[in-house]
Every structure is written in C-alpha cells, then in structure tokens.
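Colleague: Below is the file start.pdb, which contains PDB, C-alpha atoms and all ligand atoms.
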```
ATOM      1  CA  MET A 241    -135.973 -88.605  67.823
ATOM      2  CA  SER A 242    -132.710 -87.518  66.259
ATOM      3  CA  THR A 243    -131.243 -84.177  67.238
ATOM      4  CA  ASN A 244    -129.517 -83.882  63.880
ATOM      5  CA  PRO A 245    -131.547 -81.284  61.983
ATOM      6  CA  PHE A 246    -130.814 -82.850  58.605
ATOM      7  CA  GLU A 247    -132.000 -86.287  59.719
ATOM      8  CA  VAL A 248    -135.165 -84.717  61.061
ATOM      9  CA  PHE A 249    -135.801 -82.807  57.826
ATOM     10  CA  VAL A 250    -135.215 -85.932  55.709
ATOM     11  CA  GLU A 251    -137.555 -87.964  57.917
ATOM     12  CA  GLU A 252    -140.216 -85.278  57.511
ATOM     13  CA  HIS A 253    -139.649 -85.360  53.752
ATOM     14  CA  ASN A 254    -140.334 -89.109  53.823
ATOM     15  CA  HIS A 255    -143.681 -88.475  55.502
ATOM     16  CA  GLY A 256    -144.423 -85.813  52.900
ATOM     17  CA  LEU A 257    -143.559 -88.242  50.091
ATOM     18  CA  ALA A 258    -145.911 -90.831  51.609
ATOM     19  CA  ALA A 259    -148.728 -88.250  51.558
ATOM     20  CA  LEU A 260    -147.927 -87.523  47.907
ATOM     21  CA  GLU A 261    -148.210 -91.252  47.097
ATOM     22  CA  LYS A 262    -151.706 -91.173  48.526
ATOM     23  CA  MET A 263    -152.549 -88.032  46.601
ATOM     24  CA  GLU A 264    -151.274 -89.671  43.419
ATOM     25  CA  GLN A 265    -153.447 -92.746  43.958
ATOM     26  CA  GLY A 266    -156.448 -90.461  44.247
ATOM     27  CA  ALA A 267    -155.490 -88.371  41.209
ATOM     28  CA  ASP A 268    -154.810 -91.485  39.093
ATOM     29  CA  SER A 269    -158.185 -92.869  40.046
ATOM     30  CA  LEU A 270    -159.968 -89.603  39.142
ATOM     31  CA  ARG A 271    -158.164 -89.534  35.823
ATOM     32  CA  GLU A 272    -158.802 -93.167  34.952
ATOM     33  CA  ASN A 273    -162.241 -93.820  36.434
ATOM     34  CA  GLY A 274    -163.726 -90.380  36.966
ATOM     35  CA  TYR A 275    -165.166 -89.101  40.226
ATOM     36  CA  SER A 276    -165.443 -91.320  43.283
ATOM     37  CA  ALA A 277    -165.835 -90.474  46.951
ATOM     38  CA  GLU A 278    -162.857 -92.731  47.720
ATOM     39  CA  ALA A 279    -160.526 -90.928  45.291
ATOM     40  CA  LEU A 280    -161.599 -87.602  46.734
ATOM     41  CA  ARG A 281    -161.005 -88.871  50.263
ATOM     42  CA  LEU A 282    -157.411 -89.866  49.424
ATOM     43  CA  ILE A 283    -156.693 -86.431  47.971
ATOM     44  CA  LYS A 284    -158.340 -84.663  50.911
ATOM     45  CA  GLU A 285    -156.344 -86.647  53.459
ATOM     46  CA  ALA A 286    -153.076 -85.930  51.679
ATOM     47  CA  ASN A 287    -154.048 -82.287  51.293
ATOM     48  CA  GLU A 288    -154.743 -82.055  55.016
ATOM     49  CA  PHE A 289    -151.279 -83.436  55.786
ATOM     50  CA  ILE A 290    -149.606 -80.984  53.421
ATOM     51  CA  LYS A 291    -151.521 -78.021  54.854
ATOM     52  CA  THR A 292    -150.479 -78.855  58.399
ATOM     53  CA  GLU A 293    -147.322 -80.986  58.614
ATOM     54  CA  VAL A 294    -145.582 -79.906  55.414
ATOM     55  CA  LYS A 295    -146.448 -76.294  56.150
ATOM     56  CA  ALA A 296    -144.855 -76.559  59.604
ATOM     57  CA  HIS A 297    -141.834 -78.277  58.071
ATOM     58  CA  ASN A 298    -141.324 -75.533  55.479
ATOM     59  CA  GLN A 299    -141.675 -72.921  58.198
ATOM     60  CA  LYS A 300    -138.939 -74.660  60.199
ATOM     61  CA  GLU A 301    -136.622 -74.567  57.196
ATOM     62  CA  GLU A 302    -137.312 -70.878  56.783
ATOM     63  CA  ASP A 303    -136.943 -70.061  60.494
ATOM     64  CA  ALA A 304    -134.115 -72.362  61.574
ATOM     65  CA  LEU A 305    -131.989 -73.447  58.622
ATOM     66  CA  PHE A 306    -132.079 -70.596  56.116
ATOM     67  CA  PRO A 307    -131.119 -67.859  58.640
ATOM     68  CA  VAL A 308    -128.106 -69.854  59.869
ATOM     69  CA  LEU A 309    -126.996 -70.357  56.273
ATOM     70  CA  SER A 310    -127.483 -66.751  55.275
ATOM     71  CA  PRO A 311    -124.213 -65.371  56.752
ATOM     72  CA  HIS A 312    -122.505 -67.666  54.221
ATOM     73  CA  MET A 313    -124.132 -65.877  51.302
ATOM     74  CA  PRO A 314    -123.549 -64.760  48.587
ATOM     75  CA  SER A 315    -120.636 -67.156  48.483
ATOM     76  CA  PRO A 316    -119.891 -69.993  48.396
ATOM     77  CA  SER A 317    -121.002 -71.325  45.113
ATOM     78  CA  ILE A 318    -123.074 -74.486  45.393
ATOM     79  CA  ILE A 319    -120.886 -75.902  42.668
ATOM     80  CA  ASP A 320    -117.889 -75.577  44.991
ATOM     81  CA  VAL A 321    -119.423 -77.319  47.952
ATOM     82  CA  ILE A 322    -121.759 -79.851  46.499
ATOM     83  CA  VAL A 323    -120.616 -83.430  46.496
ATOM     84  CA  GLU A 324    -119.592 -84.744  43.122
ATOM     85  CA  GLU A 325    -122.368 -87.283  42.564
ATOM     86  CA  HIS A 326    -125.067 -84.676  43.064
ATOM     87  CA  ARG A 327    -123.783 -82.148  40.620
ATOM     88  CA  GLU A 328    -125.827 -83.286  37.669
ATOM     89  CA  LEU A 329    -128.995 -82.495  39.645
ATOM     90  CA  TRP A 330    -128.187 -78.824  39.772
ATOM     91  CA  ASP A 331    -127.066 -77.821  36.341
ATOM     92  CA  LYS A 332    -127.061 -74.084  36.925
ATOM     93  CA  GLU A 333    -123.963 -72.183  37.981
ATOM     94  CA  GLU A 334    -125.707 -71.090  41.150
ATOM     95  CA  ASP A 335    -124.490 -69.745  44.413
ATOM     96  CA  LEU A 336    -126.146 -70.482  47.726
ATOM     97  CA  GLN A 337    -128.255 -67.345  47.520
ATOM     98  CA  GLY A 338    -129.686 -68.490  44.184
ATOM     99  CA  LEU A 339    -130.544 -71.896  45.592
ATOM    100  CA  LEU A 340    -132.219 -70.503  48.710
ATOM    101  CA  SER A 341    -134.334 -68.022  46.779
ATOM    102  CA  SER A 342    -135.399 -70.750  44.389
ATOM    103  CA  LEU A 343    -136.416 -72.962  47.351
ATOM    104  CA  LEU A 344    -138.333 -70.096  48.969
ATOM    105  CA  GLY A 345    -140.056 -69.491  45.639
ATOM    106  CA  ASP A 346    -141.058 -73.179  45.584
ATOM    107  CA  HIS A 347    -142.611 -72.822  49.056
ATOM    108  CA  GLN A 348    -144.738 -69.909  47.830
ATOM    109  CA  GLU A 349    -145.781 -71.631  44.602
ATOM    110  CA  LEU A 350    -146.784 -74.689  46.574
ATOM    111  CA  TRP A 351    -149.169 -72.680  48.785
ATOM    112  CA  ALA A 352    -150.675 -70.948  45.773
ATOM    113  CA  GLU A 353    -151.489 -74.339  44.208
ATOM    114  CA  GLU A 354    -152.668 -75.669  47.587
ATOM    115  CA  ASP A 355    -155.177 -72.806  47.801
ATOM    116  CA  ARG A 356    -156.455 -73.707  44.355
ATOM    117  CA  LEU A 357    -156.830 -77.397  45.257
ATOM    118  CA  GLU A 358    -158.459 -76.501  48.556
ATOM    119  CA  SER A 359    -161.167 -74.400  46.919
ATOM    120  CA  LEU A 360    -161.842 -77.094  44.308
ATOM    121  CA  LEU A 361    -162.152 -79.738  47.048
ATOM    122  CA  ASN A 362    -164.508 -77.563  49.075
ATOM    123  CA  SER A 363    -166.744 -76.568  46.214
ATOM    124  CA  PRO A 364    -170.253 -78.062  46.424
ATOM    125  CA  ASN A 365    -169.888 -79.647  42.984
ATOM    126  CA  ALA A 366    -166.577 -81.460  43.559
ATOM    127  CA  ALA A 367    -167.864 -84.335  41.382
ATOM    128  CA  ASP A 368    -167.993 -82.004  38.360
ATOM    129  CA  ASN A 369    -164.475 -80.785  39.071
ATOM    130  CA  ALA A 370    -162.790 -84.207  39.016
ATOM    131  CA  ALA A 371    -160.493 -83.305  36.106
ATOM    132  CA  ALA A 372    -159.455 -79.969  37.634
ATOM    133  CA  ILE A 373    -158.868 -81.586  41.038
ATOM    134  CA  ALA A 374    -156.657 -84.260  39.469
ATOM    135  CA  GLU A 375    -154.723 -81.614  37.553
ATOM    136  CA  SER A 376    -154.124 -79.501  40.637
ATOM    137  CA  ALA A 377    -153.110 -82.589  42.628
ATOM    138  CA  TYR A 378    -150.592 -83.562  39.923
ATOM    139  CA  ASN A 379    -149.143 -80.042  40.026
ATOM    140  CA  ILE A 380    -148.617 -80.353  43.772
ATOM    141  CA  ILE A 381    -147.148 -83.848  43.470
ATOM    142  CA  TYR A 382    -144.730 -82.730  40.782
ATOM    143  CA  MET A 383    -143.672 -79.527  42.571
ATOM    144  CA  LEU A 384    -143.217 -81.029  46.007
ATOM    145  CA  ARG A 385    -141.316 -84.115  44.819
ATOM    146  CA  ASP A 386    -138.951 -81.935  42.848
ATOM    147  CA  HIS A 387    -138.514 -79.593  45.809
ATOM    148  CA  ILE A 388    -137.767 -82.437  48.230
ATOM    149  CA  ASP A 389    -135.287 -83.841  45.748
ATOM    150  CA  LYS A 390    -133.446 -80.513  45.552
ATOM    151  CA  GLU A 391    -133.305 -80.204  49.327
ATOM    152  CA  ASN A 392    -132.244 -83.788  50.019
ATOM    153  CA  ASN A 393    -129.620 -83.906  47.293
ATOM    154  CA  ILE A 394    -128.367 -80.348  46.964
ATOM    155  CA  LEU A 395    -129.302 -78.117  49.885
ATOM    156  CA  PHE A 396    -128.663 -80.519  52.759
ATOM    157  CA  PRO A 397    -125.323 -81.907  51.522
ATOM    158  CA  SER A 398    -124.190 -78.349  50.756
ATOM    159  CA  ALA A 399    -125.343 -77.028  54.125
ATOM    160  CA  GLN A 400    -123.579 -79.875  55.889
ATOM    161  CA  SER A 401    -120.316 -79.001  54.226
ATOM    162  CA  ILE A 402    -120.713 -75.246  54.776
ATOM    163  CA  LEU A 403    -121.919 -75.114  58.386
ATOM    164  CA  SER A 404    -119.692 -75.590  61.408
ATOM    165  CA  GLU A 405    -120.718 -77.921  64.245
ATOM    166  CA  ILE A 406    -121.741 -74.906  66.305
ATOM    167  CA  GLU A 407    -123.954 -73.638  63.507
ATOM    168  CA  VAL A 408    -125.594 -77.060  63.092
ATOM    169  CA  ALA A 409    -126.266 -77.039  66.841
ATOM    170  CA  LYS A 410    -127.835 -73.595  66.410
ATOM    171  CA  VAL A 411    -130.187 -74.978  63.738
ATOM    172  CA  SER A 412    -131.189 -77.809  66.123
ATOM    173  CA  GLU A 413    -131.826 -75.302  68.856
ATOM    174  CA  LEU A 414    -133.955 -73.070  66.614
ATOM    175  CA  MET A 415    -135.943 -76.166  65.587
ATOM    176  CA  GLY A 416    -136.564 -76.968  69.243
ATOM    177  CA  LEU A 417    -134.760 -80.346  69.038
TER     178      LEU A 417
HETATM  179 FE    FE B   1    -138.522 -76.633  51.609
HETATM  180 FE    FE B   2    -138.147 -79.543  53.039
END
```
Would you encode the structure as structure tokens?
Ligand SMILES: [Fe+2]
Ligand SMILES: [Fe+2]
Modeller:
Amino acid sequence: MSTNPFEVFVEEHNHGLAALEKMEQGADSLRENGYSAEALRLIKEANEFIKTEVKAHNQKEEDALFPVLSPHMPSPSIIDVIVEEHRELWDKEEDLQGLLSSLLGDHQELWAEEDRLESLLNSPNAADNAAAIAESAYNIIYMLRDHIDKENNILFPSAQSILSEIEVAKVSELMGL
C-alpha cells in the first residue's frame, strides 16, 4: 500500500464510488420496477460499506489531514493555491477554512441521511417504503459523489501545494501508514 496519504484517500474514494454504483443500481431498480429483495440487498450492501469503510475514511480525514492543514488557516485562499484547471469546480471566493467547514458539514449531513436510510431499511415493512428508500439512497449518492469530487479536485490538490514534505509525512503518520 502507498504511504502517500493522498493516494490512499483517493483509492478509498474509488471504493466508495464503487459502493455508490451498487446503491444506484438498487435505487434505479426500486424506482423502475418497484420493490424486490435483490434491489434491497444491493442498497443494504452499499449502506453497510458506507457505514463502516466510508465512516472510517471520513474519520481519518478529520483526525489526520484537517488538523495538519489547520495551522494554515484562515489563509491561504483556495483560489490562490488551487491549480488552474480545477478552479471552475469551486466558484466561491473561499479560503481554506471555508472549504474545510463545508467538507465537515458534508460529513455530518451524510450521517444524518444514512440514519434515515438505515431506519427505512430496518423497518418491518421495507416493501412499502420502496419509494422512500430509493429517495434516501439517491440523496446519499448525490451528496457523497459531490463530496468526493470536491476532495479529489479541490482539497487534495490545494493541500498538496500548501503542505510541506514534513507535514505530509505527519499526515501519513497520523493515518498509521
Ligand atoms: Fe470527506
Ligand atoms: Fe474523503
């Protein structure tokens, strides 16, 4: 495994995106064909992955990456450090602090929606809740894809230009790499 924290995070994002593909297959099937045990199984499996692996991943970002970046706040502005081709993705005149609080907010919103999906999936009449389950799954898919996009294309390139080699090594160490 790589000891570069950004490679590890991106690899974990790819696993997260694969789980979202599965969740989307299940949600599409519920929407188009109504309830089926198979559709529910796909959503449950993806949900399980998000609750465990994605949760651990987000925790690592919060425990290892964000604290090492925080001495660099409130400057610099993301606009100053972000590489040219990614600028259109982040249209706000944000500084690093703004970006990090928005990403932390995403983490919290994701768990709120996860709780909602979880209780729908565990309810004894899941078959009657097919539409609500699909809707909640789509919310998660939309939120998490957007979040991963922001991290891959804005946070990580910015962090790599802001952090020194020693600081990157510190992130690796905090991640246990
Ligand atoms: Fe994140
Ligand atoms: Fe992430």
Colleague: Throw together the list of residues within 10 Å of ligand FE 1 (chain B), counting only C-alpha atoms and all ligand atoms, and drop it here as a list in words.
Modeller: Phe249, His253, Val294, Lys295, His297, Asn298, Gln299, Lys300, Glu301, Glu302, Phe306, Leu340, Ser342, Leu343, Leu344, Gly345, Asp346, His347, Gln348, Leu350, Leu384, His387, Ile388, Asp389, Lys390, Glu391, Asn392 and Leu395 of chain A
Colleague: Can you spell out as a PyMOL selection string the set of residues that the PyMOL selection byres (((chain A and resi 377) around 9) and not hetatm) selects in the structure I just provided?
Modeller: chain A and resi 260+263-264+266-267+283+287+353-354+357+372-376+378-382
Colleague: Which of these residues is nearest to Met415 (chain A), using all atoms listed in the file: A:Ala277, A:Ala286, A:Ala304, A:Val250?
Modeller: A:Ala304
Colleague: Report as JSON the centre and the edge lengths, in Å to one decimal, of the axis-aligned box holding every listed atom of region 395-413 of chain A, padded by 6 Å on each side.
Modeller:
```
{"center_x": -125.8, "center_y": -77.8, "center_z": 59.4, "size_x": 24.1, "size_y": 20.3, "size_z": 31.0}
```
Colleague: What gap, in Å, lies between CA of Ser412 (chain A) and CA of Phe396 (chain A)?
Modeller: 13.9 Å
Colleague: Could you please determine the separation between CA of Leu417 (chain A) and CA of Thr243 (chain A) in Å, to one decimal place?
Modeller: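 Pair CA of Leu417 (chain A) / CA of Thr243 (chain A) returns 5.5 Å.
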Colleague: Which of these residues is nearest to Ala399 (chain A), using all atoms listed in the file: A:Lys291, A:Lys284, A:His312, A:Arg271?
Modeller: A:His312
Colleague: Which residue out of A:Ser269, A:Ser276, A:Gln400, A:Asn393 has the minimum interatomic distance to ligand FE 2 (chain B) when all atoms listed in the file are used?
Modeller: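 Among A:Ser269, A:Ser276, A:Gln400, A:Asn393, it is A:Asn393 that comes nearest to ligand FE 2 (chain B).
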